[in-house]
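Notes follow the structure.
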4 protein chains.
Amino acid sequence: MALREPSLGPCFGIKGGAAGGGYAQVLPMEKINLHFTGDFHAVTSAHNTISALLDNYIYQHRKDGFSLREIFWKRVLDVNDRALRNVVTGLRGDGVVSETGFDITPASELMAILCLATSEEDLQRRIENIVLGITADGKLFKVKDLGVAGAITVLMRDALMPNLVQTTENTPAFIHGGPFANIAHGCSSVLATKMAMTFSDYVVTEAGFGADLGAEKFFDIKCRKTGLQPRLVVIVATTQGLKMHGGVALEHIKEPNAKGLTEGLKNLNRHIRNMQGFGQPVVVTLNRHDTDVEEEIDIVRKNCEDLGVGFAVNDAFLRGGEGAVELAQIVADTIERQRPLPIRFTYKEADQLEDKIEKVCKGIYGASAVEYSKTAKKKLEALRATFTDEDGVIAHYPVCIAKTQFSFSADSSLYGSPEGFTIRIRDVILNCGSEMIVAIAGDMLRMPGLPKSPQAERITIVNGEIEGLS
Amino acid sequence: MALREPSLGPCFGIKGGAAGGGYAQVLPMEKINLHFTGDFHAVTSAHNTISALLDNYIYQHRKDGFSLREIFWKRVLDVNDRALRNVVTGLRGDGVVSETGFDITPASELMAILCLATSEEDLQRRIENIVLGITADGKLFKVKDLGVAGAITVLMRDALMPNLVQTTENTPAFIHGGPFANIAHGCSSVLATKMAMTFSDYVVTEAGFGADLGAEKFFDIKCRKTGLQPRLVVIVATTQGLKMHGGVALEHIKEPNAKGLTEGLKNLNRHIRNMQGFGQPVVVTLNRHDTDVEEEIDIVRKNCEDLGVGFAVNDAFLRGGEGAVELAQIVADTIERQRPLPIRFTYKEADQLEDKIEKVCKGIYGASAVEYSKTAKKKLEALRATFTDEDGVIAHYPVCIAKTQFSFSADSSLYGSPEGFTIRIRDVILNCGSEMIVAIAGDMLRMPGLPKSPQAERITIVNGEIEGLS
Amino acid sequence: MALREPSLGPCFGIKGGAAGGGYAQVLPMEKINLHFTGDFHAVTSAHNTISALLDNYIYQHRKDGFSLREIFWKRVLDVNDRALRNVVTGLRGDGVVSETGFDITPASELMAILCLATSEEDLQRRIENIVLGITADGKLFKVKDLGVAGAITVLMRDALMPNLVQTTENTPAFIHGGPFANIAHGCSSVLATKMAMTFSDYVVTEAGFGADLGAEKFFDIKCRKTGLQPRLVVIVATTQGLKMHGGVALEHIKEPNAKGLTEGLKNLNRHIRNMQGFGQPVVVTLNRHDTDVEEEIDIVRKNCEDLGVGFAVNDAFLRGGEGAVELAQIVADTIERQRPLPIRFTYKEADQLEDKIEKVCKGIYGASAVEYSKTAKKKLEALRATFTDEDGVIAHYPVCIAKTQFSFSADSSLYGSPEGFTIRIRDVILNCGSEMIVAIAGDMLRMPGLPKSPQAERITIVNGEIEGLS
Amino acid sequence: MALREPSLGPCFGIKGGAAGGGYAQVLPMEKINLHFTGDFHAVTSAHNTISALLDNYIYQHRKDGFSLREIFWKRVLDVNDRALRNVVTGLRGDGVVSETGFDITPASELMAILCLATSEEDLQRRIENIVLGITADGKLFKVKDLGVAGAITVLMRDALMPNLVQTTENTPAFIHGGPFANIAHGCSSVLATKMAMTFSDYVVTEAGFGADLGAEKFFDIKCRKTGLQPRLVVIVATTQGLKMHGGVALEHIKEPNAKGLTEGLKNLNRHIRNMQGFGQPVVVTLNRHDTDVEEEIDIVRKNCEDLGVGFAVNDAFLRGGEGAVELAQIVADTIERQRPLPIRFTYKEADQLEDKIEKVCKGIYGASAVEYSKTAKKKLEALRATFTDEDGVIAHYPVCIAKTQFSFSADSSLYGSPEGFTIRIRDVILNCGSEMIVAIAGDMLRMPGLPKSPQAERITIVNGEIEGLS
């Protein structure tokens with residue numbers, strides 16, 4: 001996404017502290033991939049502190065007759081640990097026995113809150129509103145009811161500050177927040193985006209994991225809720241990815257295969273149509289790899305010309321900033337040539353929840369039907385019956401669908417441009433802090449597992465340099 | 001503990017990174033109490049990454065016939081969460097079902113390793129040696145067998161660097177590592193201590209949570225294993241603490257009560273005898289509070305004079321460094337007056353494990369007997385049978401007893417100078433990374449719980465300042 | 001089902017013992033509904049003894065390197081207890097931690113074995129063949145491998161003997177075995193059927209819970225495997241049931257409603273077509289209730305005449321045996337009029353497993369598609385890959401589908417004659433003792449739960465008579 | 001125990017039914033060891049039905065705000081299954097998650113109730129009073145509150161009838177109830193005892209598993225609560241058992257060893273003193289084995305003569321009734337020679353609960369001290385605080401201590417006549433149906449496990465005869 005805004009009022013201070021945020025050094029790649037500035041740790045700590053306070057509250061007040069009929073709040077860890085997906089806690093009389101589980105930290109509602117909060121006060125307000133469960137008499141039980149939102153805000157305070165880093169060519173960039181778009185809303189923090197817009201003429205932000213996931217949520221959640229007005233969408237493609245979507249086997253995608261690539265354009269073109277559907281100009285760029293052949297690049301270029309969509313090869317990986325000049329020029333020209341176009345959202349705030357889900361599934365993913373598990377149905381009904389009358393606010397929440405990034409469908413093996421499939425919504429989660437309804441599609445898990453040979457086996461320190469980190 | 005060493009060879013570089021360690025700013029109290037430089041987060045991440053890799057290994061290799069007969073490695077979180085003490089993981093077919101639990105991060109073996117490692121290579125060597133469980137055919141299964149020690153070292157790398165801070169009077173201090181002495185070995189890092197000794201004439205280090213816990217482990221573990229030679233022990237007391245140990249009710253310990261204070265001297269004097277037992281000079285200091293009366297201070301002074309032990313009031317809380325000058329003078333004079341005295345350890349490396357435990361329990365705590373739970377007995381037997389012949393190394397490990405800090409005994413309500421009690425060893429844990437045998441005494445838990453009204457309820461941000469953090 | 005066979009060779013002895021089977025007293029209804037002759041208790045004991053022996057074997061042999069990669073065998077209780085559906089056993093070091101559960105006793109494979117065994121030797125052979133799990137190296141682990149089939153046979157020995165009771169008009173009847181047709185194969189014991197055929201000219205046997213469930217399994221499993229040759233099928237209907245299937249609300253089904261009843265005939269007629277599909281003559285009988293009106297009975301009669309199917313009202317509930325004479329006459333006449341017709345099975349023994357399931361789902365239930373859960377798919381694949389080469393026997397097993405009795409579909413709320421639905425197979429279980437493959441359709445549970453106001457609240461003893469038992 | 005009572009009023013009817021009790025056939029040994037008359041099955045069913053109804057009640061009423069602060073009622077199975085000792089139930093949303101467990105059926109409170117109930121009405125009254133847990137507001141929650149005592153009584157009704165069998169010499173005997181004395185109160189049913197007293201001049205009843213367990217409970221519970229007046233105690237010994245208690249290794253106890261046997265008399269003599277302490281005449285009998293030598297028998301005889309206690313060899317195993325004539329004569333003569341002597345109970349009904357436990361532990365077992373686990377202490381306190389004012393009844397309950405039968409102490413390896421030991425009470429259970437307080441001593445488990453080579457491996461059917469059943 002490229003945004004441009006001449007001024008944004010008061011500038012946010014740059015964080016001078018050490019932990020839970022940090023600034024300004026040329027942070028090497030390994031720092032970013034390891035602990036970075038500790039923001040993920042802060043979210044993990046804050047999330048699990050709420051968990052401990054909640055369990056403690058139930059344990060300490062059960063003799064006063066307090067109990068929760070249902071508990072929604074789980075725990076998080078920033079580790080891929082399948083054994084933590086489903087756990088029983090509180091055994092041997094220590095606490096109250098519960099069947100619960102761990103999500104990965106990027107799936108924490110606090111991570112979404114970090115990315116959507118517009119100030120420290122807004123952070124605390126959202127933390128107070130987090131729904132933890134349902135009381136015996138059917139009321140929402142929130143962090144506010146625990147009386148600890150201040151303490152949790154304190155734990156998150158430094159993490160709220162955007163992290164300013166620079167590229168190897170000394171271009172400034174913010175890295176802030178990590179709600180992956182397959183399991184969460186997929187956009188970096190509002191504060192970082194707005195801060196960048198204060199300092200620059202053009203701001204590029206990523207909304208990743210497939211435009212069906214990241215870009216949809218960027219428009220329908222982040223822009224809708226903050227009033228951000230993008231000027232243009234850049235869709236990034238590779239010849240290899242296109243061939244994969246065109247049915248070429250993975251071990252052959254580096255070989256020339258014009259037929260396969262042409263077949264794969266169906267996938268790209270659906271993304272183009274989707275983005276145009278939001279009412280925005282679209283530019284396609286092809287990340288060049290050394291195995292790319294001109295003939296295939298021309299096929300993609302021709303395809304874009306036929307659709308009336310801008311196109312440029314991006315050679316930044318091989319040639320640095322120099323390699324992206326053509327792309328930058330097309331982007332700037334397109335933006336300057338026209339006035340901002342209003343976003344056409346996928347659904348209206350006033351739509352019924354099921355309608356919102358259906359409009360995304362059919363309109364963006366291309367599903368022909370949506371079905372709901374028993375659990376999801378029950379949750380939807382409860383949402384409607386009990387919770388929507390809270391000032392009518394909940395009814396207006398956008399939906400955030402967790403879905404595999406490997407396919408338009410919920411089946412990660414369906415490459416290309418699948419049609420006629422059904423999306424099965426397995427679970428529905430009410431997030432009153434991040435102010436959205438999360439719907440889990442298909443087998444999507446919010447806590448990944450490790451492969452038989454995990455990357456950790458290949459990480460070593462050789463002569464003081466870390467190797468194997470990717 | 002006060003140490004002095006003219007030179008220590010090559011100076012360790014000061015850490016320039018941000019997360020997982022940090023340097024040099026005047027870190028406000030709240031940073032230290034919150035995320036600080038992220039060392040605890042790094043230990044938590046590294047520990048749970050091992051857990052995930054271990055569970056994944058078992059899960060992925062069970063079809064190859066691999067299984068562990070017993071699993072020792074648990075998980076950790078730096079949150080007081082009693083519901084995590086005993087959990088079942090791996091439910092619903094995600095992983096292998098296990099009954100396990102979480103300890104608090106300071107109880108992690110990695111925390112002890114962080115504090116005992118003398119270099120990055122030593123860190124990695126110790127991580128490799130961590131015992132995770134016992135294979136079906138009775139062998140120790142270690143991190144080395146997972147093949148991931150490099151990756152874990154990378155996660156801990158920044159955390160290994162000592163954190164240099166300064167007092168409000170700009171005196172430099174290192175804060176590094178947190179293996180609380182009631183649940184672990186209680187000493188800050190060897191690297192920080194040695195670095196401090198390189199830069200200063202005198203180094204003061206804390207070995208806290210009662211001299212029966214911290215100081216015993218400082219001598220028998222940290223000094224024994226690193227060759228550190230302390231010059232003097234300062235025992236810190238307060239009139240309120242002495243009155244508490246003298247049987248005065250908590251609500252009255254701020255009132256003058258010469259009789260109660262005199263009775264409480266039995267507790268102090270046992271600590272003095274214990275420290276003298278290590279062969280070191282002892283100085284007693286009294287931290288002055290504003291409710292202290294001279295008469296009571298004189299009783300303590302007189303008691304120390306009668307025992308031939310140095311004494312000084314420490315008024316640093318009220319008057320800053322100025323208030324500690326008398327104490328500092330006595331300490332410096334005593335050190336300069338005499339040559340280093342060799343440490344008399346509580347037990348020999350070659351002693352049988354039960355003898356080591358008994359010598360600490362009887363010689364330091366004053367117990368009249370030691371008994372073992374069924375579990376502890378079985379573990380001790382297994383240790384002897386299976387594991388001691390690994391180069392004979394394990395047999396020489398020191399013991400690290402986890403015990404309440406509130407009493408010489410394992411019963412936290414037994415104040416004063418209890419005698420004739422039995423210490424019950426509930427569990428025994430083999431730590432081949434930190435190279436010690438941990439014995440759990442009494443009801444000591446390695447994961448605390450929260451009180452009915454937790455401190456979190458009182459933490460708020462008022463005009464940008466955090467209040468309620470203590 | 002009505003069977004006739006002039007002689008059956010050697011007569012089975014009548015059981016003279018007391019528990020685990022009993023004979024010949026006029027057993028009052030309450031005995032049958034309570035402990036009866038203890039056969040269910042014997043199955044429960046035998047089943048759970050295998051469970052205990054299996055867990056003990058794993059526990060005792062784990063130090064020898066023994067482990068099971070997967071465990072299929074659960075526990076049973078003859079109590080409706082939803083909390084036992086999913087449990088974790090072996091906690092606190094007592095045994096090996098497992099995630100498992102309890103089924104209701106009628107779903108035990110031992111119950112099916114009891115009903116299919118043709119002799120004590122056959123009983124023991126089948127018990128030996130029960131599959132308990134998969135070893136680490138991918139072999140089936142059976143009761144035979146535990147070496148305890150003899151002991152289990154001893155526990156089941158008395159229960160194997162059919163229970164002879166009599167009606168209030170002193171007609172003899174056997175009540176033996178209870179594998180409910182919604183969760184198991186739904187037919188009473190082969191031994192009882194054959195014994196009855198030895199003593200009588202005509203034998204009537206029930207294959208209940210809807211002809212789509214009970215009768216299908218009677219033909220495709222019981223008759224196929226034992227060579228039984230039925231002579232005629234009686235389908236039992238009620239005007240109330242027909243009206244329910246015709247869309248009439250439950251609170252109005254006792255009121256006359258010709259339109260609703262006519263609509264409901266679609267359900268009956270599908271059953272008639274299904275039974276005719278097995279190649280057998282069909283007679284329909286209507287169990288008369290006191291609220292029935294002649295006009296509605298005539299509609300059913302007319303419907304049957306139009307289809308060329310025999311019809312009689314059964315008034316036995318109101319008038320005893322006398323009330324069933326017309327029905328008996330039609331049945332006898334039809335049988336005597338024609339020679340036995342060979343059974344046309346729904347599928348062939350040699351069909352692929354998925355084909356067998358599909359033929360039942362489409363051919364009998366009327367489904368338009370069958371889909372499989374991830375678990376079911378994996379199990380089917382494992383069955384094909386690993387287990388079918390065991391003498392080629394497993395490949396020839398019939399399928400036994402667990403499905404709701406309330407609908408032709410797997411959705412218990414779809415009354416009438418639903419079409420175009422998909423059957424989802426959730427799980428697949430290999431039963432090498434009862435020699436069948438059990439497939440679980442939809443949400444079907446093999447352990448029921450109790451309603452908010454369970455019947456137990458209404459059972460009392462009044463003047464020595466039990467009231468409220470139904 | 002031998003009792004005599006001329007008449008007992010109305011005779012109880014003999015049970016004519018089949019299941020849940022049976023009569024009068026010469027029941028072979030194997031029936032008694034297998035399902036017998038189904039009484040154990042009935043207790044198992046009834047117990048688990050209460051469990052299911054309780055869990056269902058909590059599940060169905062949790063939306064009405066109902067919850068239990070603590071749940072005491074577990075489940076039972078009559079199978080040795082260590083994996084069921086500690087389980088978690090109610091997983092995956094089916095019911096309410098609970099940490100609970102299974103005891104073996106003889107430990108069921110219903111088994112104790114069956115043995116203590118004096119009529120069907122008394123049975124129902126006791127079932128109503130069973131305590132299931134504590135409500136959120138601190139009240140006892142009983143079966144009565146579930147409203148299902150009638151249904152449970154119906155399930156137990158037949159089992160309440162005593163089972164009349166006969167010996168191979170056709171002497172009648174009742175076998176009824178099985179609350180093993182190491183885990184429960186150890187006495188057969190009051191109804192059977194009273195029925196026997198109606199029909200005979202002399203009734204012999206067993207109160208087994210060591211006179212410290214069975215006989216103590218016979219006097220302090222069964223006799224105290226029912227007014228039974230025994231006339232004489234027969235203590236049964238063997239030369240092998242005496243040698244075992246005299247320190248002879250198990251593999252040598254069949255060899256002559258006068259010294260070991262003499263040493264073992266200390267064990268016998270403590271039992272004699274204990275029984276005399278109840279104020280009753282004592283006769284000792286020695287069950288003769290074929291390896292016994294006269295010299296050793298004479299040592300026992302001499303020992304009894306010295307103590308003024310009757311003695312006779314019992315040769316019934318080798319010679320049938322004929323072999324017990326001498327013993328019978330001594331018993332009858334002793335009874336007829338003197339008037340009934342009032343029982344001297346070990347403690348008074350009005351004693352404090354801890355005093356009752358201490359009097360049994362010190363007075364009967366010979367302990368020098370009693371200590372309580374944290375759990376036991378908390379339960380005792382709760383009992384005193386909350387529950388004793390219920391009509392003052394609970395305060396008068398007798399105590400029933402579960403303890404190993406292998407030693408006077410709670411350590412099953414301490415043979416002979418141990419002294420100076422401490423009994424540790426691990427748990428305390430309130431049984432308001434059987435009207436006693438159960439205290440669990442030491443490691444005593446109420447659910448046994450199986451050995452590495454269980455007996456089931458040796459049970460077979462050979463030529464129609466069961467072999468290996470013992």
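Just so we're on the same page: first chain in the structure tokens is A, next is B, and so on; residues restart at 1 for each chain, and ligands are numbered from 1 in the order they show up.
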
Interface list for chain D, partner chain B, 12 Å threshold, only C-alpha atoms, as an MDAnalysis selection string = chainID D and resid 86:88 91:92 99 373:374 411 442:443

Identify, on the basis of only C-alpha atoms, every residue whose closest approach to Ala258 (chain C) does not exceed 9 Å; exclude the query and any residue fewer than 2 positions from it along the same chain; express the result as a ChimeraX atom specification.
-> /C:243,256,260-263,295-296,299

Atoms kept (all heavy atoms) for selection, written as a PDB file, in the first residue's frame:
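So result_24.pdb came out as:
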ATOM      1  N   LYS C 243     -46.998 -38.986  10.916  1.00  0.00           N
ATOM      2  CA  LYS C 243     -47.319 -37.558  10.926  1.00  0.00           C
ATOM      3  C   LYS C 243     -46.090 -36.723  11.284  1.00  0.00           C
ATOM      4  O   LYS C 243     -45.845 -35.660  10.714  1.00  0.00           O
ATOM      5  CB  LYS C 243     -48.482 -37.290  11.891  1.00  0.00           C
ATOM      6  CG  LYS C 243     -49.837 -37.626  11.241  1.00  0.00           C
ATOM      7  CD  LYS C 243     -51.016 -37.312  12.120  1.00  0.00           C
ATOM      8  CE  LYS C 243     -51.356 -38.551  12.943  1.00  0.00           C
ATOM      9  NZ  LYS C 243     -52.644 -38.378  13.690  1.00  0.00           N
ATOM     10  N   PRO C 256     -55.952 -35.941  14.513  1.00  0.00           N
ATOM     11  CA  PRO C 256     -56.119 -36.360  13.127  1.00  0.00           C
ATOM     12  C   PRO C 256     -55.525 -35.316  12.186  1.00  0.00           C
ATOM     13  O   PRO C 256     -55.648 -34.115  12.430  1.00  0.00           O
ATOM     14  CB  PRO C 256     -57.643 -36.426  12.950  1.00  0.00           C
ATOM     15  CG  PRO C 256     -58.189 -36.575  14.328  1.00  0.00           C
ATOM     16  CD  PRO C 256     -57.244 -35.835  15.230  1.00  0.00           C
ATOM     17  N   GLY C 260     -50.884 -34.377   6.810  1.00  0.00           N
ATOM     18  CA  GLY C 260     -49.568 -34.631   7.377  1.00  0.00           C
ATOM     19  C   GLY C 260     -49.192 -36.095   7.255  1.00  0.00           C
ATOM     20  O   GLY C 260     -48.065 -36.449   6.907  1.00  0.00           O
ATOM     21  N   LEU C 261     -50.155 -36.959   7.567  1.00  0.00           N
ATOM     22  CA  LEU C 261     -49.887 -38.397   7.499  1.00  0.00           C
ATOM     23  C   LEU C 261     -49.545 -38.807   6.080  1.00  0.00           C
ATOM     24  O   LEU C 261     -48.601 -39.587   5.844  1.00  0.00           O
ATOM     25  CB  LEU C 261     -51.103 -39.162   8.002  1.00  0.00           C
ATOM     26  CG  LEU C 261     -50.980 -40.688   7.965  1.00  0.00           C
ATOM     27  CD1 LEU C 261     -51.243 -41.295   9.327  1.00  0.00           C
ATOM     28  CD2 LEU C 261     -51.911 -41.262   6.903  1.00  0.00           C
ATOM     29  N   THR C 262     -50.278 -38.298   5.120  1.00  0.00           N
ATOM     30  CA  THR C 262     -50.004 -38.646   3.715  1.00  0.00           C
ATOM     31  C   THR C 262     -48.595 -38.200   3.326  1.00  0.00           C
ATOM     32  O   THR C 262     -47.839 -38.938   2.693  1.00  0.00           O
ATOM     33  CB  THR C 262     -51.047 -37.987   2.803  1.00  0.00           C
ATOM     34  OG1 THR C 262     -52.349 -38.410   3.221  1.00  0.00           O
ATOM     35  CG2 THR C 262     -50.830 -38.392   1.349  1.00  0.00           C
ATOM     36  N   GLU C 263     -48.227 -37.003   3.791  1.00  0.00           N
ATOM     37  CA  GLU C 263     -46.869 -36.517   3.518  1.00  0.00           C
ATOM     38  C   GLU C 263     -45.823 -37.454   4.124  1.00  0.00           C
ATOM     39  O   GLU C 263     -44.789 -37.742   3.518  1.00  0.00           O
ATOM     40  CB  GLU C 263     -46.729 -35.099   4.080  1.00  0.00           C
ATOM     41  CG  GLU C 263     -45.375 -34.456   3.881  1.00  0.00           C
ATOM     42  CD  GLU C 263     -45.025 -34.210   2.409  1.00  0.00           C
ATOM     43  OE1 GLU C 263     -45.968 -34.124   1.599  1.00  0.00           O
ATOM     44  OE2 GLU C 263     -43.820 -34.147   2.078  1.00  0.00           O
ATOM     45  N   GLU C 295     -59.912 -43.406   9.379  1.00  0.00           N
ATOM     46  CA  GLU C 295     -59.600 -42.748   8.117  1.00  0.00           C
ATOM     47  C   GLU C 295     -58.110 -42.754   7.837  1.00  0.00           C
ATOM     48  O   GLU C 295     -57.674 -43.032   6.728  1.00  0.00           O
ATOM     49  CB  GLU C 295     -60.114 -41.294   8.170  1.00  0.00           C
ATOM     50  CG  GLU C 295     -59.960 -40.561   6.859  1.00  0.00           C
ATOM     51  CD  GLU C 295     -59.851 -39.051   7.058  1.00  0.00           C
ATOM     52  OE1 GLU C 295     -60.150 -38.575   8.181  1.00  0.00           O
ATOM     53  OE2 GLU C 295     -59.431 -38.364   6.116  1.00  0.00           O
ATOM     54  N   GLU C 296     -57.319 -42.493   8.886  1.00  0.00           N
ATOM     55  CA  GLU C 296     -55.869 -42.454   8.690  1.00  0.00           C
ATOM     56  C   GLU C 296     -55.310 -43.843   8.452  1.00  0.00           C
ATOM     57  O   GLU C 296     -54.379 -44.036   7.660  1.00  0.00           O
ATOM     58  CB  GLU C 296     -55.196 -41.787   9.883  1.00  0.00           C
ATOM     59  CG  GLU C 296     -55.539 -40.292   9.970  1.00  0.00           C
ATOM     60  CD  GLU C 296     -54.713 -39.550  11.013  1.00  0.00           C
ATOM     61  OE1 GLU C 296     -53.937 -40.211  11.745  1.00  0.00           O
ATOM     62  OE2 GLU C 296     -54.850 -38.327  11.089  1.00  0.00           O
ATOM     63  N   ILE C 299     -55.738 -44.725   4.953  1.00  0.00           N
ATOM     64  CA  ILE C 299     -54.770 -44.086   4.046  1.00  0.00           C
ATOM     65  C   ILE C 299     -53.506 -44.933   3.949  1.00  0.00           C
ATOM     66  O   ILE C 299     -52.971 -45.171   2.864  1.00  0.00           O
ATOM     67  CB  ILE C 299     -54.420 -42.662   4.541  1.00  0.00           C
ATOM     68  CG1 ILE C 299     -55.656 -41.756   4.433  1.00  0.00           C
ATOM     69  CG2 ILE C 299     -53.263 -42.071   3.745  1.00  0.00           C
ATOM     70  CD1 ILE C 299     -55.485 -40.375   5.037  1.00  0.00           C
TER      71      ILE C 299
END

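Computed from the coordinates, the CA of Lys403 (chain A) to CA of His185 (chain A) distance equals 10.8 Å.
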
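For Asn274 (chain D), the residues within 12 Å (counting only C-alpha atoms, excluding itself and residues fewer than 5 positions away along the chain) are D:Gly210, D:Ala211, D:Asp212, D:Leu213, D:Ala215, D:Glu216, D:Phe219, D:Val233, D:Ile235, D:Asn267, D:Leu268, D:Asn269, D:Gly279, D:Gln280, D:Pro281, D:Val282, D:Arg344, D:Phe345, D:Thr346, D:Val360, D:Cys361, D:Lys362, D:Gly363, D:Ile364, D:Tyr365, D:Gly366, D:Phe408.
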
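One finds CA of His41 (chain B) at 19.9 Å from CA of Ile459 (chain A).
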
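One finds CA of Leu34 (chain C) at 11.6 Å from CA of Val79 (chain C).
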
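With only C-alpha atoms as the atoms that count, the minimum distance from Leu123 (chain D) to the choices D:Asn287, D:Thr193, D:Thr153, D:Asn303 is reached by D:Thr153.
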